[in-house]
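Enquirer: One structure follows; several queries about it will come next.
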Amino acid sequence: MQANLQWLDDPEVFRVNQLPAHSDHHYYHDTAEFKTGSRFIKSLNGAWRFNFAKTPAERPVDFYQPDFDATDFDTIPVPGHIELAGYGQIQYINTLYPWEGKIYRRPPYTLNQDQLTPGLFSDAADNTVGSYLKTFDLDDAFKGQRIIIQFQGVEEALYVWLNGHFIGYAEDSFTPSEFDLTPYIQDQGNVLAVRVYKRSTAAFIEDQDMFRFSGIFRDVNILAEPASHITDLDIRPVPNANLKSGELNITTKVTGEPATLALTVKDHDGRVLTSQTQTGSGSVTFDTMLFDQLHLWSPQTPYLYQLTIEVYDADHQLLEVVPYQFGFRTVELRDDKVIYVNNKRLVINGVNRHEWNAHTGRVISMADMRADIQTMLANNINADRTCHYPDQLPWYQLCDEAGIYLMAENNLESHGSWQKMGAIEPSYNVPGDNPHWLAAVIDRARSNYEWFKNHPSIIFWSLGNESYAGEDIAAMQAFYKEHDDSRLVHYEGVVHTPELKDRISDVESRMYEKPQNIVAYLEDNPTKPFLDCEYMHDMGNSLGGMQSYNDLIDKYPMYQGGFIWDFIDQALFVHDPITDQDVLRYGGDFDERHSDYEFSGDGLMFADRTPKPAMQEVKYYYGLHK
């Protein structure tokens, strides 16, 4: 198969040769590697050779050939944003698509045109292209193994070649993309070529309120898989009604040769609670394990059990060890139309959190994530909505450990397709009811679910943000309901299509609704509990009136709190030659037009993670309902 540039123009092509999404478990050769690091992972982060082209037509066409002369290529850090490396245009936009007012462009298969638009992005004047090259050798532990490459985040459309051979294509910027390199891998001198297009049809459903970047912005790793390998781990801990006992069901997917899987579960103090052995390949399910004297996971006591699975070959040689921490907890929407976690009414003291670093944009570090966790805990914030995309893989584990509830959101926002200049006008809304966009959004739901299904911190799946509603989003909810009965599903945009409310969202969710309107809803025999998915917009000297919302918690059990917009400003440090100081610049400060300007500055913290005075209000009022 050869790469096809026209895939950029077709919403029905969003993955080619991409491996299926799976759980986010790690694997090691033995337990000693838990501390030293797995021999089966090799980072390709660092300096890559790089070429920037303003349009697809100007790209170096054959750059992926092993004998290509790349002496005139620059270097660029990976992970990193192309725009922050000095190429292209930095641009902040909230609602509109970046090209509005400059290029006439409509989503394919809309406006009653059952057809594609040739050259929509593949021959576009505004579609910048990054061509990356990386040469690497295989470590000894990789030789003779199946070799996978994992891109944890690439905006926005990704083509991959190895040693001159086309490997695959992927969209969905914020979930990992994995490809099998095995057929073309060499022990030495491998030439990995990656082409990243800033825009494809995915741009219509990745219209989030944020700076618009491109490039390989999360980690890149190559992974070696032993002869027998656990590719997926499905952990189902279910407390009984008494919340004192429960059962654990675990299913794995094993590729390669049949293997013996030895499972052990320990409590938080390292005491063995149960063990079991199963043999097989493909889908391998363990017998149900019964637990008494459960310790429940909650924000107050985020108790985690330790699961370990050792994988042995037919000669009982250890091939790999898979550890995973999991927790028991219940999430219920009862007949009284109130959500309960572990038999206690749920109160969300939440924030919406963009991933952000004032120096590197959405390229964030473990230190950034740990700092955000500590800020949340210090200010009585107990919940995070991952606005409006899946976050980096470690974030979910950190929230498990800290006791932070998660609303795990899909990478979906199509704001500009249905809201124009403030008016609701969905004439070319996507995904809507459009069958040509259905597979793409279901795939995004599947990826979100598969990668993060084992995390007790996730109590809601969120179908996305500000994408109106229709049959495609109803199908996303059906996917979650079919695969997971341990969590609820959230989606705010169904407020625009009341006829779908019985099929979309377990909660009534609105943005910036006035307290008196929330009262009117709650006193009118509502069918669902109420949740503010975004409220208290913290822009400028705002966050006043928080008490009006907080008072609702005591008066109305069906009011379950909300998520403040938002956690941290989006702004970038730029060196000012006049003052010789590093200063924070917001939207519109980069000569970009159009822009939504200082609207990027609505966090509880400045972009350098300095708390604003508003954080004091949050700590006080959220502290009243811990």
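Residue numbering restarts at 1 in every chain; chains get A, B, ... in the order shown in the structure tokens, and ligands count up from 1 in that same order.
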Any idea what's packed within 12 Å of Ala3 in chain A, counting only C-alpha atoms, ignoring anything in its chain fewer than 5 positions away? Could you give it as a VMD selection string?
Expert: chain A and resid 8 13 15 to 17 61 to 62 64 158 to 161 164 to 170 194 to 195
Enquirer: Kindly assemble as a tab-separated table a list of the range 390-460 of chain A residues that lie within 7 Å of range 21-42 of chain A, each paired with its nearest atom pair and their distance in Å to one decimal, using only C-alpha atoms, sorted first by chain and then by ascending residue number.
Expert:
residue	atom	partner	partner_atom	distance
A:Ser447	CA	A:Ala21	CA	5.3
A:Glu450	CA	A:His22	CA	4.9
A:Trp451	CA	A:Ser23	CA	4.3
A:Phe452	CA	A:Ser23	CA	6.3
A:Lys453	CA	A:Ser23	CA	7.0
Enquirer: May I have the residues within 10 Å of range 104-107 of chain A as a PyMOL selection string, using only C-alpha atoms and disregarding those fewer than 6 positions away in the same chain?
Expert: chain A and resi 9-11+97+113+116-117+120-121+201-205+417+428-431+437
Enquirer: Residues at most 7 Å from range 143-154 of chain A, counting only C-alpha atoms, excluding those fewer than 6 positions away in the same chain, as a ChimeraX atom specification?
Expert: /A:173-182,187,215-226
Enquirer: Using only C-alpha atoms, which residue out of A:His295, A:Lys619, A:Arg446, A:His490 lies closest to Ile458 in chain A?
Expert: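 Closest candidate: A:His490.
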Enquirer: May I have a table of the residues of range 21-112 of chain A lying at most 8 Å from range 362-367 of chain A, giving each one's closest pair of atoms and their distance in Å to one decimal, counting only C-alpha atoms, ordered by chain and ascending residue number, as CSV?
Expert:
residue,atom,partner,partner_atom,distance
A:Pro79,CA,A:Val363,CA,6.8
A:Gly80,CA,A:Val363,CA,6.1
A:His81,CA,A:Val363,CA,7.6
Enquirer: Apply DSSP to the backbone of this structure and, from range 12-210 of chain A, keep only the residues in strand (DSSP E or B); write these as a VMD selection string.
Expert: chain A and resid 15 to 16 28 41 to 43 46 to 53 74 to 78 92 to 93 129 to 136 146 to 151 154 to 155 157 to 162 165 to 170 177 to 180 190 to 197 206 210
Enquirer: Enumerate as a PDB file with N, CA and C atoms, in the first residue's frame all residues of range 462-575 of chain A assigned to alpha helix (DSSP H) by DSSP on the backbone, naming them with the chain letters and numbers the document uses.
Expert:
ATOM      1  N   GLU A 471     -27.714  11.844  15.632  1.00  0.00           N
ATOM      2  CA  GLU A 471     -27.675  10.392  15.702  1.00  0.00           C
ATOM      3  C   GLU A 471     -26.256   9.863  15.903  1.00  0.00           C
ATOM      4  N   ASP A 472     -25.259  10.562  15.387  1.00  0.00           N
ATOM      5  CA  ASP A 472     -23.883  10.084  15.542  1.00  0.00           C
ATOM      6  C   ASP A 472     -23.450  10.140  17.004  1.00  0.00           C
ATOM      7  N   ILE A 473     -23.813  11.209  17.695  1.00  0.00           N
ATOM      8  CA  ILE A 473     -23.451  11.314  19.108  1.00  0.00           C
ATOM      9  C   ILE A 473     -24.286  10.347  19.941  1.00  0.00           C
ATOM     10  N   ALA A 474     -25.538  10.125  19.547  1.00  0.00           N
ATOM     11  CA  ALA A 474     -26.332   9.092  20.220  1.00  0.00           C
ATOM     12  C   ALA A 474     -25.674   7.724  20.072  1.00  0.00           C
ATOM     13  N   ALA A 475     -25.080   7.465  18.926  1.00  0.00           N
ATOM     14  CA  ALA A 475     -24.383   6.188  18.715  1.00  0.00           C
ATOM     15  C   ALA A 475     -23.129   6.095  19.580  1.00  0.00           C
ATOM     16  N   MET A 476     -22.479   7.213  19.841  1.00  0.00           N
ATOM     17  CA  MET A 476     -21.333   7.208  20.747  1.00  0.00           C
ATOM     18  C   MET A 476     -21.781   6.800  22.153  1.00  0.00           C
ATOM     19  N   GLN A 477     -22.894   7.373  22.607  1.00  0.00           N
ATOM     20  CA  GLN A 477     -23.399   6.980  23.919  1.00  0.00           C
ATOM     21  C   GLN A 477     -23.738   5.496  23.947  1.00  0.00           C
ATOM     22  N   ALA A 478     -24.356   4.990  22.882  1.00  0.00           N
ATOM     23  CA  ALA A 478     -24.704   3.570  22.819  1.00  0.00           C
ATOM     24  C   ALA A 478     -23.453   2.705  22.925  1.00  0.00           C
ATOM     25  N   PHE A 479     -22.351   3.168  22.327  1.00  0.00           N
ATOM     26  CA  PHE A 479     -21.091   2.420  22.437  1.00  0.00           C
ATOM     27  C   PHE A 479     -20.675   2.298  23.891  1.00  0.00           C
ATOM     28  N   TYR A 480     -20.660   3.410  24.623  1.00  0.00           N
ATOM     29  CA  TYR A 480     -20.249   3.367  26.028  1.00  0.00           C
ATOM     30  C   TYR A 480     -21.187   2.505  26.861  1.00  0.00           C
ATOM     31  N   LYS A 481     -22.469   2.631  26.627  1.00  0.00           N
ATOM     32  CA  LYS A 481     -23.425   1.851  27.403  1.00  0.00           C
ATOM     33  C   LYS A 481     -23.273   0.351  27.138  1.00  0.00           C
ATOM     34  N   GLU A 482     -22.912   0.006  25.923  1.00  0.00           N
ATOM     35  CA  GLU A 482     -22.717  -1.402  25.583  1.00  0.00           C
ATOM     36  C   GLU A 482     -21.472  -1.970  26.245  1.00  0.00           C
ATOM     37  N   HIS A 483     -20.448  -1.149  26.416  1.00  0.00           N
ATOM     38  CA  HIS A 483     -19.161  -1.643  26.892  1.00  0.00           C
ATOM     39  C   HIS A 483     -18.924  -1.432  28.386  1.00  0.00           C
ATOM     40  N   PRO A 515     -28.057  30.614  38.234  1.00  0.00           N
ATOM     41  CA  PRO A 515     -28.596  29.830  39.355  1.00  0.00           C
ATOM     42  C   PRO A 515     -30.119  29.787  39.372  1.00  0.00           C
ATOM     43  N   GLN A 516     -30.801  30.911  39.048  1.00  0.00           N
ATOM     44  CA  GLN A 516     -32.255  30.899  39.082  1.00  0.00           C
ATOM     45  C   GLN A 516     -32.841  29.971  38.028  1.00  0.00           C
ATOM     46  N   ASN A 517     -32.150  29.811  36.901  1.00  0.00           N
ATOM     47  CA  ASN A 517     -32.630  28.880  35.876  1.00  0.00           C
ATOM     48  C   ASN A 517     -32.393  27.430  36.281  1.00  0.00           C
ATOM     49  N   ILE A 518     -31.321  27.202  37.019  1.00  0.00           N
ATOM     50  CA  ILE A 518     -31.085  25.860  37.551  1.00  0.00           C
ATOM     51  C   ILE A 518     -32.179  25.507  38.557  1.00  0.00           C
ATOM     52  N   VAL A 519     -32.544  26.465  39.392  1.00  0.00           N
ATOM     53  CA  VAL A 519     -33.629  26.239  40.347  1.00  0.00           C
ATOM     54  C   VAL A 519     -34.926  25.912  39.610  1.00  0.00           C
ATOM     55  N   ALA A 520     -35.199  26.663  38.551  1.00  0.00           N
ATOM     56  CA  ALA A 520     -36.424  26.406  37.785  1.00  0.00           C
ATOM     57  C   ALA A 520     -36.429  24.995  37.217  1.00  0.00           C
ATOM     58  N   TYR A 521     -35.294  24.552  36.742  1.00  0.00           N
ATOM     59  CA  TYR A 521     -35.202  23.178  36.234  1.00  0.00           C
ATOM     60  C   TYR A 521     -35.436  22.169  37.354  1.00  0.00           C
ATOM     61  N   LEU A 522     -34.777  22.354  38.472  1.00  0.00           N
ATOM     62  CA  LEU A 522     -34.833  21.368  39.552  1.00  0.00           C
ATOM     63  C   LEU A 522     -36.203  21.320  40.229  1.00  0.00           C
ATOM     64  N   MET A 546     -19.988  32.928  43.372  1.00  0.00           N
ATOM     65  CA  MET A 546     -19.870  31.485  43.496  1.00  0.00           C
ATOM     66  C   MET A 546     -20.794  30.925  44.585  1.00  0.00           C
ATOM     67  N   GLN A 547     -21.073  31.739  45.597  1.00  0.00           N
ATOM     68  CA  GLN A 547     -21.945  31.279  46.671  1.00  0.00           C
ATOM     69  C   GLN A 547     -23.336  30.918  46.140  1.00  0.00           C
ATOM     70  N   SER A 548     -23.808  31.622  45.118  1.00  0.00           N
ATOM     71  CA  SER A 548     -25.140  31.346  44.577  1.00  0.00           C
ATOM     72  C   SER A 548     -25.247  29.926  44.043  1.00  0.00           C
ATOM     73  N   TYR A 549     -24.176  29.445  43.464  1.00  0.00           N
ATOM     74  CA  TYR A 549     -24.159  28.042  43.008  1.00  0.00           C
ATOM     75  C   TYR A 549     -23.969  27.106  44.192  1.00  0.00           C
ATOM     76  N   ASN A 550     -23.076  27.467  45.068  1.00  0.00           N
ATOM     77  CA  ASN A 550     -22.771  26.589  46.188  1.00  0.00           C
ATOM     78  C   ASN A 550     -24.003  26.353  47.072  1.00  0.00           C
ATOM     79  N   ASP A 551     -24.855  27.373  47.214  1.00  0.00           N
ATOM     80  CA  ASP A 551     -26.054  27.224  48.028  1.00  0.00           C
ATOM     81  C   ASP A 551     -27.002  26.168  47.469  1.00  0.00           C
ATOM     82  N   LEU A 552     -26.961  25.956  46.147  1.00  0.00           N
ATOM     83  CA  LEU A 552     -27.845  24.962  45.529  1.00  0.00           C
ATOM     84  C   LEU A 552     -27.532  23.550  46.015  1.00  0.00           C
ATOM     85  N   ILE A 553     -26.282  23.315  46.378  1.00  0.00           N
ATOM     86  CA  ILE A 553     -25.883  21.972  46.796  1.00  0.00           C
ATOM     87  C   ILE A 553     -26.642  21.547  48.044  1.00  0.00           C
ATOM     88  N   ASP A 554     -26.794  22.455  48.989  1.00  0.00           N
ATOM     89  CA  ASP A 554     -27.483  22.123  50.234  1.00  0.00           C
ATOM     90  C   ASP A 554     -28.989  22.000  50.035  1.00  0.00           C
ATOM     91  N   LYS A 555     -29.545  22.724  49.103  1.00  0.00           N
ATOM     92  CA  LYS A 555     -30.996  22.777  48.953  1.00  0.00           C
ATOM     93  C   LYS A 555     -31.539  21.705  48.013  1.00  0.00           C
TER      94      LYS A 555
END
Enquirer: Neighbours of Ala378 in chain A within 12 Å (only C-alpha atoms; same-chain residues fewer than 4 positions away dropped), as an NGL selection string?
Expert: :A and (371-374 or 382 or 402 or 611 or 615-616 or 618-620 or 622-623 or 626)
Enquirer: Calculated over only C-alpha atoms, which of the candidates A:Thr386, A:Thr260, A:Asn45, A:Gln186 has the smallest distance to Met407 in chain A?
Expert: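 Among the listed residues, the smallest separation from Met407 in chain A belongs to A:Thr386.
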Enquirer: Considering only C-alpha atoms, can you say which of A:Arg334, A:Lys102, A:Arg236, A:Lys54 comes closest to Asp484 in chain A?
Expert: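 Residue with the minimum atom-to-atom distance to Asp484 in chain A: A:Arg236.
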Enquirer: So which residues touch Ile235 in chain A within 8 Å, counting only C-alpha atoms, skipping near sequence neighbours fewer than 6 positions away, as a ChimeraX atom specification?
Expert: /A:248-251,326,454
Enquirer: Convert the current residue selection to file output with N, CA and C atoms, as a PDB file, in the first residue's frame.
Expert:
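So again28.pdb came out as:
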ATOM      1  N   LEU A 248     -14.004  -9.597  41.467  1.00  0.00           N
ATOM      2  CA  LEU A 248     -13.067  -9.078  40.471  1.00  0.00           C
ATOM      3  C   LEU A 248     -13.048 -10.008  39.276  1.00  0.00           C
ATOM      4  N   ASN A 249     -13.281  -9.442  38.092  1.00  0.00           N
ATOM      5  CA  ASN A 249     -13.208 -10.191  36.845  1.00  0.00           C
ATOM      6  C   ASN A 249     -12.159  -9.556  35.946  1.00  0.00           C
ATOM      7  N   ILE A 250     -11.298 -10.395  35.394  1.00  0.00           N
ATOM      8  CA  ILE A 250     -10.193  -9.896  34.565  1.00  0.00           C
ATOM      9  C   ILE A 250     -10.122 -10.722  33.285  1.00  0.00           C
ATOM     10  N   THR A 251     -10.059 -10.006  32.174  1.00  0.00           N
ATOM     11  CA  THR A 251      -9.867 -10.627  30.871  1.00  0.00           C
ATOM     12  C   THR A 251      -8.655 -10.002  30.201  1.00  0.00           C
ATOM     13  N   PHE A 326      -5.629  -0.911  40.663  1.00  0.00           N
ATOM     14  CA  PHE A 326      -7.049  -0.737  40.391  1.00  0.00           C
ATOM     15  C   PHE A 326      -7.779  -0.478  41.697  1.00  0.00           C
ATOM     16  N   ASN A 454      -9.646   1.120  32.748  1.00  0.00           N
ATOM     17  CA  ASN A 454      -9.325   0.487  34.027  1.00  0.00           C
ATOM     18  C   ASN A 454      -9.112   1.466  35.175  1.00  0.00           C
TER      19      ASN A 454
END
